[in-house]
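A.B. asks: Sharing target33.txt here; it has compact mmCIF, C-alpha atoms.
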# COMPACT_ATOMS: atom_id res chain seq x y z
CA MET A 1 -4.95 12.21 -31.55
CA SER A 2 -4.20 15.92 -31.21
CA VAL A 3 -0.74 17.29 -31.76
CA VAL A 4 0.52 20.25 -29.75
CA GLN A 5 2.27 22.81 -31.94
CA PHE A 6 4.34 25.60 -30.48
CA LYS A 7 7.17 27.97 -31.15
CA SER A 8 10.16 28.27 -28.90
CA GLY A 9 12.90 30.83 -28.96
CA ASN A 10 15.39 28.46 -27.33
CA ARG A 11 16.52 26.41 -30.34
CA GLY A 12 13.46 24.23 -30.23
CA ARG A 13 13.73 23.44 -26.52
CA VAL A 14 10.41 23.65 -24.70
CA THR A 15 10.50 26.21 -21.89
CA ILE A 16 8.28 27.10 -18.94
CA ASN A 17 7.15 30.12 -20.98
CA ASP A 18 5.94 27.75 -23.72
CA LEU A 19 4.01 25.69 -21.20
CA ALA A 20 2.48 28.78 -19.60
CA GLN A 21 1.39 30.17 -22.99
CA GLU A 22 -0.12 26.85 -24.07
CA LEU A 23 -1.97 26.40 -20.77
CA GLY A 24 -3.01 30.02 -20.43
CA ILE A 25 -1.73 30.31 -16.86
CA ALA A 26 1.08 32.25 -15.20
CA LYS A 27 4.69 31.20 -15.63
CA GLY A 28 5.16 31.18 -11.84
CA THR A 29 2.23 28.81 -11.42
CA VAL A 30 3.72 26.42 -13.97
CA SER A 31 7.10 26.54 -12.24
CA ARG A 32 5.62 25.86 -8.81
CA ALA A 33 3.49 23.03 -10.16
CA LEU A 34 6.51 21.35 -11.75
CA ASN A 35 8.52 21.70 -8.55
CA GLY A 36 5.83 20.20 -6.33
CA TYR A 37 4.98 23.22 -4.19
CA PRO A 38 2.08 22.46 -1.79
CA ASP A 39 0.18 25.69 -2.60
CA ILE A 40 -0.64 24.36 -6.07
CA SER A 41 -3.78 22.24 -6.35
CA ASP A 42 -3.57 18.62 -7.45
CA ALA A 43 -5.73 19.41 -10.48
CA THR A 44 -3.40 22.19 -11.65
CA ARG A 45 -0.30 20.09 -10.98
CA LEU A 46 -1.73 17.23 -13.02
CA ARG A 47 -2.72 19.55 -15.85
CA VAL A 48 0.76 21.09 -15.99
CA THR A 49 2.65 17.80 -15.81
CA ARG A 50 0.52 16.25 -18.54
CA MET A 51 1.12 19.21 -20.81
CA ALA A 52 4.85 19.06 -20.03
CA GLU A 53 4.87 15.41 -21.10
CA ARG A 54 2.93 16.15 -24.32
CA MET A 55 5.22 19.01 -25.28
CA GLY A 56 8.41 17.18 -24.32
CA TYR A 57 9.46 19.67 -21.64
CA ARG A 58 12.71 18.83 -19.86
CA PRO A 59 14.04 21.08 -17.06
CA MET A 60 17.54 22.48 -17.43
CA ALA A 61 19.28 21.00 -14.40
CA GLN A 62 22.00 23.63 -14.18
CA ALA A 63 19.58 26.54 -14.33
CA GLN A 64 17.32 24.92 -11.76
CA ALA A 65 20.23 24.31 -9.41
CA ILE A 66 21.20 27.99 -9.57
CA ARG A 67 17.63 29.19 -9.09
CA THR A 68 16.51 26.79 -6.35
CA GLY A 69 19.78 25.73 -4.74
CA LEU A 70 18.83 22.11 -5.47
CA SER A 71 20.71 19.58 -7.58
CA ARG A 72 17.45 17.61 -8.07
CA SER A 73 19.15 14.36 -7.14
CA LEU A 74 18.48 11.85 -4.39
CA GLY A 75 21.47 10.11 -2.82
CA LEU A 76 22.02 6.46 -1.92
CA VAL A 77 25.34 5.10 -0.66
CA LEU A 78 25.57 1.30 -0.57
CA ASN A 79 27.98 -0.51 1.72
CA ALA A 80 29.62 -3.16 -0.44
CA GLY A 81 31.96 -4.39 2.30
CA PRO A 82 31.94 -7.87 3.88
CA GLY A 83 28.69 -8.77 5.67
CA ASN A 84 26.74 -5.91 4.09
CA ALA A 85 25.52 -7.46 0.86
CA HIS A 86 22.52 -5.59 -0.59
CA LYS A 87 21.99 -8.11 -3.38
CA PRO A 88 18.79 -9.75 -2.05
CA PHE A 89 16.77 -6.57 -2.43
CA LEU A 90 18.84 -4.20 -4.51
CA THR A 91 17.37 -4.47 -8.04
CA ASP A 92 13.73 -3.90 -7.09
CA PHE A 93 14.68 -1.32 -4.48
CA LEU A 94 16.63 0.81 -6.96
CA ASP A 95 13.88 0.44 -9.53
CA GLY A 96 11.30 1.73 -7.07
CA ILE A 97 13.41 4.76 -6.14
CA SER A 98 14.33 5.53 -9.74
CA ARG A 99 10.75 5.41 -10.99
CA ALA A 100 9.55 7.71 -8.22
CA ALA A 101 12.44 10.11 -8.90
CA SER A 102 11.69 10.12 -12.63
CA GLU A 103 8.08 11.10 -11.98
CA GLU A 104 9.43 14.28 -10.38
CA ALA A 105 12.08 14.79 -13.10
CA TRP A 106 14.78 14.10 -10.51
CA SER A 107 17.68 11.66 -10.69
CA LEU A 108 19.20 9.10 -8.33
CA THR A 109 22.89 9.28 -7.47
CA VAL A 110 24.24 5.91 -6.29
CA ALA A 111 27.69 5.45 -4.77
CA THR A 112 29.36 2.48 -3.07
CA ALA A 113 31.54 2.29 0.02
CA PHE A 114 33.60 -0.43 1.68
CA ASP A 115 32.72 0.14 5.33
CA GLU A 116 30.86 2.54 7.59
CA GLU A 117 33.71 5.06 7.72
CA ASP A 118 33.85 5.11 3.92
CA GLU A 119 30.05 5.50 3.75
CA VAL A 120 30.17 8.58 5.96
CA ALA A 121 33.09 10.06 4.02
CA THR A 122 31.33 9.45 0.69
CA MET A 123 28.13 11.07 1.89
CA ALA A 124 30.03 14.09 3.20
CA ARG A 125 31.75 14.46 -0.18
CA LEU A 126 28.46 14.27 -2.10
CA VAL A 127 27.01 16.98 0.13
CA GLU A 128 30.10 19.19 -0.16
CA GLU A 129 30.07 18.86 -3.95
CA ARG A 130 26.31 19.64 -3.98
CA LYS A 131 25.56 16.51 -5.94
CA VAL A 132 22.56 15.42 -3.89
CA ASP A 133 19.78 17.13 -1.94
CA GLY A 134 19.02 14.32 0.49
CA PHE A 135 19.70 10.68 1.25
CA ILE A 136 17.90 7.38 1.65
CA LEU A 137 19.59 5.29 4.34
CA PRO A 138 19.00 1.53 4.17
CA ARG A 139 20.10 -1.04 6.78
CA THR A 140 19.94 1.31 9.72
CA LYS A 141 21.93 0.67 12.88
CA ILE A 142 20.97 1.29 16.49
CA GLN A 143 23.77 3.86 16.60
CA ASP A 144 24.30 5.06 13.04
CA ALA A 145 27.18 7.38 12.08
CA ARG A 146 25.39 8.29 8.82
CA ILE A 147 22.48 9.73 10.78
CA ASP A 148 24.86 11.67 13.04
CA LEU A 149 26.54 13.20 9.97
CA LEU A 150 23.33 14.26 8.23
CA ARG A 151 21.87 15.72 11.42
CA LYS A 152 25.04 17.77 11.84
CA LEU A 153 24.99 18.96 8.22
CA GLU A 154 21.21 19.54 8.33
CA VAL A 155 20.74 17.50 5.16
CA PRO A 156 17.34 15.78 4.66
CA PHE A 157 17.32 12.00 5.00
CA VAL A 158 14.83 9.18 5.33
CA LEU A 159 15.53 5.79 6.88
CA TYR A 160 14.63 2.42 5.44
CA GLY A 161 14.28 1.05 8.94
CA ARG A 162 14.38 2.58 12.40
CA THR A 163 17.16 3.56 14.79
CA GLY A 164 17.91 3.84 18.49
CA ASP A 165 17.45 7.62 18.72
CA PRO A 166 14.51 8.71 16.54
CA LYS A 167 15.08 12.46 17.00
CA GLY A 168 14.80 14.24 13.66
CA CYS A 169 14.29 10.98 11.75
CA ALA A 170 11.72 10.12 9.12
CA TRP A 171 11.37 6.49 8.15
CA PHE A 172 9.60 3.83 6.18
CA ASP A 173 9.93 0.33 7.62
CA ILE A 174 8.47 -3.15 7.52
CA SER A 175 7.28 -4.55 10.85
CA GLY A 176 9.72 -7.46 11.00
CA GLU A 177 8.98 -7.83 14.70
CA ASP A 178 5.36 -8.66 13.92
CA ALA A 179 6.47 -11.20 11.31
CA MET A 180 8.71 -12.96 13.84
CA ARG A 181 5.92 -13.00 16.43
CA ASP A 182 3.44 -14.40 13.95
CA GLY A 183 5.99 -16.93 12.72
CA VAL A 184 6.44 -18.30 16.23
CA LEU A 185 2.69 -18.49 16.72
CA ARG A 186 2.39 -20.32 13.41
CA MET A 187 4.98 -22.87 14.52
CA ALA A 188 3.39 -23.26 17.96
CA GLY A 189 0.03 -23.80 16.30
CA MET A 190 1.58 -26.75 14.48
CA GLY A 191 2.57 -28.33 17.77
CA HIS A 192 6.19 -27.16 18.04
CA GLN A 193 7.35 -26.61 21.62
CA ARG A 194 11.09 -26.10 21.05
CA ILE A 195 11.47 -23.24 18.58
CA GLY A 196 14.91 -21.86 17.74
CA PHE A 197 15.80 -18.41 16.47
CA ILE A 198 18.68 -17.29 14.26
CA ASN A 199 19.05 -13.53 14.11
CA GLY A 200 21.14 -11.16 11.99
CA LEU A 201 23.90 -8.82 13.17
CA THR A 202 22.88 -7.13 16.40
CA VAL A 203 24.37 -3.75 15.45
CA TYR A 204 21.43 -3.35 13.08
CA ASN A 205 18.18 -2.08 14.52
CA TYR A 206 16.09 -4.72 12.77
CA ALA A 207 17.84 -7.46 14.77
CA THR A 208 16.67 -6.02 18.10
CA LEU A 209 13.13 -5.65 16.80
CA ARG A 210 12.98 -9.17 15.38
CA LEU A 211 14.34 -10.71 18.57
CA ASP A 212 11.70 -8.82 20.53
CA GLY A 213 9.06 -10.13 18.14
CA PHE A 214 10.33 -13.70 18.52
CA LYS A 215 10.15 -13.45 22.32
CA GLU A 216 6.68 -11.92 22.14
CA GLY A 217 5.55 -14.85 20.03
CA LEU A 218 6.86 -17.33 22.60
CA SER A 219 5.08 -15.45 25.37
CA LYS A 220 1.77 -15.42 23.51
CA ALA A 221 2.16 -19.14 22.79
CA GLY A 222 2.83 -19.90 26.47
CA LEU A 223 6.41 -21.01 25.80
CA GLN A 224 9.52 -20.10 27.79
CA VAL A 225 12.48 -18.25 26.28
CA ASP A 226 15.45 -20.64 26.12
CA ALA A 227 18.72 -18.81 25.50
CA ASN A 228 20.25 -22.07 24.25
CA LEU A 229 17.90 -21.90 21.26
CA ILE A 230 18.83 -18.34 20.23
CA ARG A 231 21.78 -17.36 18.03
CA ASP A 232 22.74 -14.16 16.22
CA GLY A 233 25.14 -13.00 13.52
CA ALA A 234 23.84 -14.85 10.45
CA THR A 235 23.64 -12.74 7.28
CA THR A 236 24.82 -15.33 4.73
CA ILE A 237 24.09 -18.93 3.83
CA ALA A 238 27.43 -19.99 5.31
CA SER A 239 26.83 -18.28 8.67
CA GLY A 240 23.27 -19.58 8.76
CA GLU A 241 24.59 -23.10 8.23
CA ALA A 242 27.14 -22.71 11.03
CA LEU A 243 24.54 -21.51 13.52
CA GLY A 244 22.11 -24.15 12.31
CA HIS A 245 24.70 -26.79 13.22
CA GLU A 246 25.01 -25.26 16.69
CA LEU A 247 21.27 -25.47 17.33
CA LEU A 248 20.86 -28.96 15.89
CA ASP A 249 23.89 -30.32 17.76
CA GLN A 250 22.20 -29.76 21.12
CA PRO A 251 21.05 -32.80 23.15
CA ASN A 252 17.46 -31.62 22.82
CA PRO A 253 17.45 -29.69 19.52
CA PRO A 254 14.60 -27.52 18.25
CA THR A 255 11.97 -29.00 15.99
CA ALA A 256 11.44 -25.61 14.34
CA ILE A 257 13.72 -22.67 13.59
CA VAL A 258 12.65 -19.11 12.80
CA CYS A 259 15.25 -17.02 10.97
CA ALA A 260 15.50 -13.24 10.72
CA LEU A 261 16.84 -13.51 7.15
CA ASP A 262 16.14 -15.88 4.26
CA LEU A 263 19.84 -16.39 3.57
CA ALA A 264 20.33 -17.71 7.11
CA ALA A 265 17.37 -20.06 6.63
CA LEU A 266 18.90 -21.48 3.46
CA GLY A 267 22.00 -22.20 5.51
CA VAL A 268 19.87 -24.11 8.02
CA TYR A 269 18.72 -26.26 5.09
CA ARG A 270 22.33 -27.35 4.63
CA ALA A 271 22.79 -28.11 8.32
CA ALA A 272 19.63 -30.21 8.29
CA GLU A 273 20.68 -32.07 5.14
CA ALA A 274 24.01 -32.98 6.76
CA ARG A 275 22.02 -34.82 9.46
CA GLY A 276 19.60 -36.49 7.09
CA LEU A 277 16.72 -34.32 8.31
CA VAL A 278 13.90 -33.53 5.90
CA ILE A 279 12.87 -29.87 5.97
CA GLY A 280 9.13 -29.52 6.53
CA ARG A 281 8.85 -32.99 8.10
CA ASP A 282 11.70 -33.48 10.60
CA LEU A 283 12.55 -29.79 10.98
CA SER A 284 10.36 -26.80 10.20
CA VAL A 285 11.97 -23.58 8.99
CA LEU A 286 10.39 -20.15 8.53
CA SER A 287 12.07 -16.89 7.63
CA TYR A 288 11.82 -13.29 6.47
CA ASP A 289 12.70 -11.35 3.29
CA GLY A 290 11.05 -13.10 0.35
CA ILE A 291 14.20 -13.30 -1.79
CA PRO A 292 13.88 -15.19 -5.12
CA GLU A 293 16.14 -18.02 -3.91
CA ALA A 294 13.57 -18.87 -1.24
CA ALA A 295 11.07 -19.98 -3.87
CA THR A 296 13.52 -22.35 -5.56
CA ALA A 297 14.81 -24.09 -2.42
CA THR A 298 13.86 -27.73 -1.80
CA PRO A 299 11.28 -27.55 -0.36
CA PRO A 300 10.38 -23.91 -1.10
CA LEU A 301 10.93 -21.73 1.96
CA THR A 302 8.01 -20.30 3.93
CA THR A 303 8.82 -16.61 4.36
CA TYR A 304 7.44 -13.22 5.22
CA ALA A 305 8.00 -11.23 2.04
CA VAL A 306 8.71 -7.55 1.52
CA ASP A 307 7.79 -5.47 -1.54
CA THR A 308 11.13 -3.71 -1.94
CA ARG A 309 10.08 -1.94 -5.14
CA ALA A 310 7.15 -0.31 -3.35
CA ALA A 311 9.41 0.50 -0.40
CA GLY A 312 11.91 2.26 -2.66
CA ALA A 313 9.19 4.33 -4.29
CA ARG A 314 7.68 5.31 -0.95
CA LEU A 315 11.07 6.30 0.49
CA ALA A 316 11.75 8.53 -2.51
CA LYS A 317 8.41 10.30 -2.12
CA MET A 318 9.00 10.81 1.59
CA LEU A 319 12.42 12.29 0.87
CA PHE A 320 10.87 14.71 -1.62
CA ALA A 321 8.50 15.84 1.13
CA LEU A 322 11.40 16.38 3.54
CA ILE A 323 13.36 18.37 0.97
CA ARG A 324 10.30 20.57 0.49
CA GLY A 325 10.10 21.28 4.20
CA ALA A 326 7.94 18.58 5.80
CA ALA A 327 8.65 17.73 9.45
CA PRO A 328 10.51 14.40 9.87
CA ASP A 329 8.35 13.26 12.79
CA LYS A 330 5.29 13.52 10.52
CA LEU A 331 6.82 11.06 8.05
CA ARG A 332 7.04 7.75 9.88
CA GLU A 333 5.39 4.68 8.38
CA THR A 334 5.54 1.00 9.29
CA VAL A 335 3.77 -1.58 7.14
CA PRO A 336 3.43 -5.36 7.51
CA ALA A 337 5.26 -8.06 5.59
CA HIS A 338 3.05 -10.72 4.00
CA LEU A 339 3.34 -14.44 4.58
CA ILE A 340 4.15 -16.75 1.67
CA ALA A 341 3.32 -20.21 3.00
CA ARG A 342 5.30 -22.95 1.29
CA GLY A 343 6.65 -26.38 2.15
CA SER A 344 9.36 -25.71 4.73
CA ASP A 345 7.15 -25.72 7.82
CA GLY A 346 4.69 -28.31 9.04
CA ARG A 347 3.45 -30.29 12.01
CA ALA A 348 5.90 -31.03 14.79
CA PRO A 349 7.24 -34.62 14.69
CA ASN A 350 5.19 -37.09 16.72
CA THR A 351 2.13 -34.83 16.93
Rewrite the structure from the file as C-alpha cells, please.
C.D. replies:
Amino acid sequence: MSVVQFKSGNRGRVTINDLAQELGIAKGTVSRALNGYPDISDATRLRVTRMAERMGYRPMAQAQAIRTGLSRSLGLVLNAGPGNAHKPFLTDFLDGISRAASEEAWSLTVATAFDEEDEVATMARLVEERKVDGFILPRTKIQDARIDLLRKLEVPFVLYGRTGDPKGCAWFDISGEDAMRDGVLRMAGMGHQRIGFINGLTVYNYATLRLDGFKEGLSKAGLQVDANLIRDGATTIASGEALGHELLDQPNPPTAIVCALDLAALGVYRAAEARGLVIGRDLSVLSYDGIPEAATATPPLTTYAVDTRAAGARLAKMLFALIRGAAPDKLRETVPAHLIARGSDGRAPNT
C-alpha cells in the first residue's frame, strides 16, 4: 500500500494547492472537480476525489461560502405537528440524504416545525441566515405554501412527491397511483367484487393520485365505483381503525380493503378483530408504504414498499444539480413501488 507524502504550509492541513501539486494539474481544475462543475470530465473528477480522500483533504466551509456564495448545506424541515408523523420513513430517508451529501462534502441541516405556518417561517429564517442552499420538501400538498415561498425567494428545491401546480418544480416520486391500481386488480383477480378504499388526508397530493389509481383499478376490473366503500383521512392506526369500522358496519361490507397507508391498514386489522374476522380469510387487506410494522403484523401485511433510503439519496443528488443550475423541468422522476406479498390478502369468501 502506497503512502502519499506531502508538505503543507497551512499547519498540516491539506489544501487545493497540495492536491494540484500531487496530481500535476491546475489548481482551478482541482477546485472545479471538487465542486462538481459539469465542464470537468468524470475521469478527472474521480481522480481528484480519490486523491482528496487519500490525502485527507477537507474543504474549509467558511472560505468556500465566501468564495462561492454557498453554505454547502441541504435543508430539510420536518413537520412534527399532529397528523404529520414522519416516523415510518424518517431514519432511512435521512440516511440516504446524508450519505449523498457526504459524498459531495456537503452537510444536511434538519429543523422541525409544528405546523405549516411554522414550516414556512423556519425555511425563510434558514434562507435569510444563509444556512442552506436548497431544500428537499417531503409530503407535498396540492397547494403548498413551502413551494410558494421558495419560488418567491428563488431558492432551489426538489419535491419528494408532486403538487397541483408543477411550474418550476423538480421532483422524485413513487407512483402510488399505479400501486393502488395494481392492488385493486390483485384483489379482483382473487374474486373480490366489493373492494373498499381508505385514503390519507386529501390536502396531500399523494391522496388524489392514489384515489385516481384505485378508481382506475376498479374500471380495469369491470367494477363500479361505490362511494359508500371509500373513506379518507386515515394517517394513523387509530384513524384507520375508525374508518375500518365504518366500512365493515355497512349492511353489505367489503370483502377486501385497499389502504393508501400501512398505518391505516393496521387499524383495519383492529376493526376486523373486533368483529371476529380473520384477516386474509374473511377480509383481505392490502396497503402501501412497506413500514417495518407491516412485516410483524398477524398475519404479515401485503404492501407496496418504497425504498426510502434510495429516495433520499436521489433527492439529494437532484438538489445538487438544481443548485448548480439545472432546469427544474428536466429533473422529474417517478419510479414504481414493489409488491411484498404476504398473508393479509387471499381469495374472496365463498369463491
A.B. asks: Pick out the closest residue to Arg139 (chain A) from this set: A:Leu218, A:Cys169, A:Leu108, A:Leu201. Count only C-alpha atoms.
C.D. replies: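 When distances to Arg139 (chain A) are compared using only C-alpha atoms, the smallest one comes from A:Leu201.
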A.B. asks: One number please: CA of Asn228 (chain A) to CA of Gly191 (chain A), in Å, one decimal.
C.D. replies: 19.8 Å
A.B. asks: Taking 3 positions as the minimum chain separation for residues in the same chain, which residues sit within 10 Å of region 19-31 of chain A when counting all atoms listed in the file? Answer as number ranges by chain.
C.D. replies: A: 4-6, 14-16, 34-37, 39-40, 44-45, 47-49, 51-52, 55, 57
A.B. asks: Measuring between all atoms listed in the file, which one of A:Pro328, A:Gly96, A:Gly240, A:Pro349 shows the shortest distance to Leu277 (chain A)?
C.D. replies: A:Pro349
A.B. asks: Just give me the gap between CA of Leu137 (chain A) and CA of Val158 (chain A) in Å, one decimal is fine.
C.D. replies: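 Atom-to-atom, CA of Leu137 (chain A) and CA of Val158 (chain A) are spaced 6.2 Å apart.
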A.B. asks: Do you have the CA of Ile340 (chain A)-CA of Leu286 (chain A) distance handy?
C.D. replies: 9.9 Å
A.B. asks: Gly200 (chain A): which residues within 8 Å, counting only C-alpha atoms, same-chain residues fewer than 4 positions away excluded, as number ranges by chain?
C.D. replies: A: 204, 207, 232-235, 260-261
A.B. asks: Skip Thr351 (chain A) itself and residues of its chain fewer than 5 positions away, then list as a PyMOL selection string all residues within 12 Å of it, counting all atoms listed in the file.
C.D. replies: chain A and resi 188-193+255+281-282+346
A.B. asks: Please determine, counting all atoms listed in the file, which residue among A:Asp329, A:Glu154, A:Asp345, A:Asp95 has the shortest atom-to-atom distance to Thr298 (chain A).
C.D. replies: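 Comparing A:Asp329, A:Glu154, A:Asp345, A:Asp95 against Thr298 (chain A), the winner is A:Asp345.
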A.B. asks: Given all atoms listed in the file as the basis, pick out the residue of A:Lys317, A:Arg162, A:Arg54, A:Arg32 nearest to Asp18 (chain A).
C.D. replies: A:Arg54
A.B. asks: For Arg186 (chain A), list every protein, DNA or RNA residue within 12 Å, evaluated using all atoms listed in the file, and leave out those in the same chain fewer than 6 positions away; present the list as number ranges by chain.
C.D. replies: A: 179-180, 192-193, 195, 214, 217-218, 220-221, 256-258, 284-287, 302-304, 339, 341, 345-348
A.B. asks: Please produce a file of those selected residues containing C-alpha atoms, as a PDB file, keeping the file's coordinate frame.
C.D. replies:
ATOM      1  CA  ALA A 179       6.470 -11.200  11.310  1.00  0.00           C
ATOM      2  CA  MET A 180       8.710 -12.960  13.840  1.00  0.00           C
ATOM      3  CA  HIS A 192       6.190 -27.160  18.040  1.00  0.00           C
ATOM      4  CA  GLN A 193       7.350 -26.610  21.620  1.00  0.00           C
ATOM      5  CA  ILE A 195      11.470 -23.240  18.580  1.00  0.00           C
ATOM      6  CA  PHE A 214      10.330 -13.700  18.520  1.00  0.00           C
ATOM      7  CA  GLY A 217       5.550 -14.850  20.030  1.00  0.00           C
ATOM      8  CA  LEU A 218       6.860 -17.330  22.600  1.00  0.00           C
ATOM      9  CA  LYS A 220       1.770 -15.420  23.510  1.00  0.00           C
ATOM     10  CA  ALA A 221       2.160 -19.140  22.790  1.00  0.00           C
ATOM     11  CA  ALA A 256      11.440 -25.610  14.340  1.00  0.00           C
ATOM     12  CA  ILE A 257      13.720 -22.670  13.590  1.00  0.00           C
ATOM     13  CA  VAL A 258      12.650 -19.110  12.800  1.00  0.00           C
ATOM     14  CA  SER A 284      10.360 -26.800  10.200  1.00  0.00           C
ATOM     15  CA  VAL A 285      11.970 -23.580   8.990  1.00  0.00           C
ATOM     16  CA  LEU A 286      10.390 -20.150   8.530  1.00  0.00           C
ATOM     17  CA  SER A 287      12.070 -16.890   7.630  1.00  0.00           C
ATOM     18  CA  THR A 302       8.010 -20.300   3.930  1.00  0.00           C
ATOM     19  CA  THR A 303       8.820 -16.610   4.360  1.00  0.00           C
ATOM     20  CA  TYR A 304       7.440 -13.220   5.220  1.00  0.00           C
ATOM     21  CA  LEU A 339       3.340 -14.440   4.580  1.00  0.00           C
ATOM     22  CA  ALA A 341       3.320 -20.210   3.000  1.00  0.00           C
ATOM     23  CA  ASP A 345       7.150 -25.720   7.820  1.00  0.00           C
ATOM     24  CA  GLY A 346       4.690 -28.310   9.040  1.00  0.00           C
ATOM     25  CA  ARG A 347       3.450 -30.290  12.010  1.00  0.00           C
ATOM     26  CA  ALA A 348       5.900 -31.030  14.790  1.00  0.00           C
TER      27      ALA A 348
END
A.B. asks: Between A:Gly312, A:Ser344, A:Leu209, A:Asp226, which has the minimum distance to Ala265 (chain A) (counting only C-alpha atoms)?
C.D. replies: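 So, comparing all the options, the nearest one is A:Ser344.
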A.B. asks: List as a PyMOL selection string the protein and nucleic acid residues near Phe93 (chain A), meaning an atom at most 8 Å away when all atoms listed in the file are counted, but skip any in the same chain fewer than 4 places from it.
C.D. replies: chain A and resi 89+97+308-313
A.B. asks: Give me a file of those residues, with C-alpha atoms, as a short mmCIF file (atom, residue, chain, number, x, y, z; two decimals), keeping the file's coordinate frame.
C.D. replies:
data_model
loop_
_atom_site.label_atom_id
_atom_site.label_comp_id
_atom_site.auth_asym_id
_atom_site.auth_seq_id
_atom_site.Cartn_x
_atom_site.Cartn_y
_atom_site.Cartn_z
CA PHE A 89 16.77 -6.57 -2.43
CA ILE A 97 13.41 4.76 -6.14
CA THR A 308 11.13 -3.71 -1.94
CA ARG A 309 10.08 -1.94 -5.14
CA ALA A 310 7.15 -0.31 -3.35
CA ALA A 311 9.41 0.50 -0.40
CA GLY A 312 11.91 2.26 -2.66
CA ALA A 313 9.19 4.33 -4.29
#
A.B. asks: Of the candidates A:Leu266, A:Leu211, A:Ala80, A:Ile198, which one gets nearest to Glu246 (chain A) if we count all atoms listed in the file?
C.D. replies: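 Closest residue, counting all atoms listed in the file: A:Ile198.
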A.B. asks: Taking all atoms of region 264-277 of chain A that appear in the file, build a box with edges along x, y and z, extend it by 4 Å on every side, and state its centre and edge lengths in Å to one decimal, as lines of an AutoDock Vina configuration file.
C.D. replies:
center_x = 20.4
center_y = -27.1
center_z = 6.5
size_x = 15.3
size_y = 26.8
size_z = 14.0
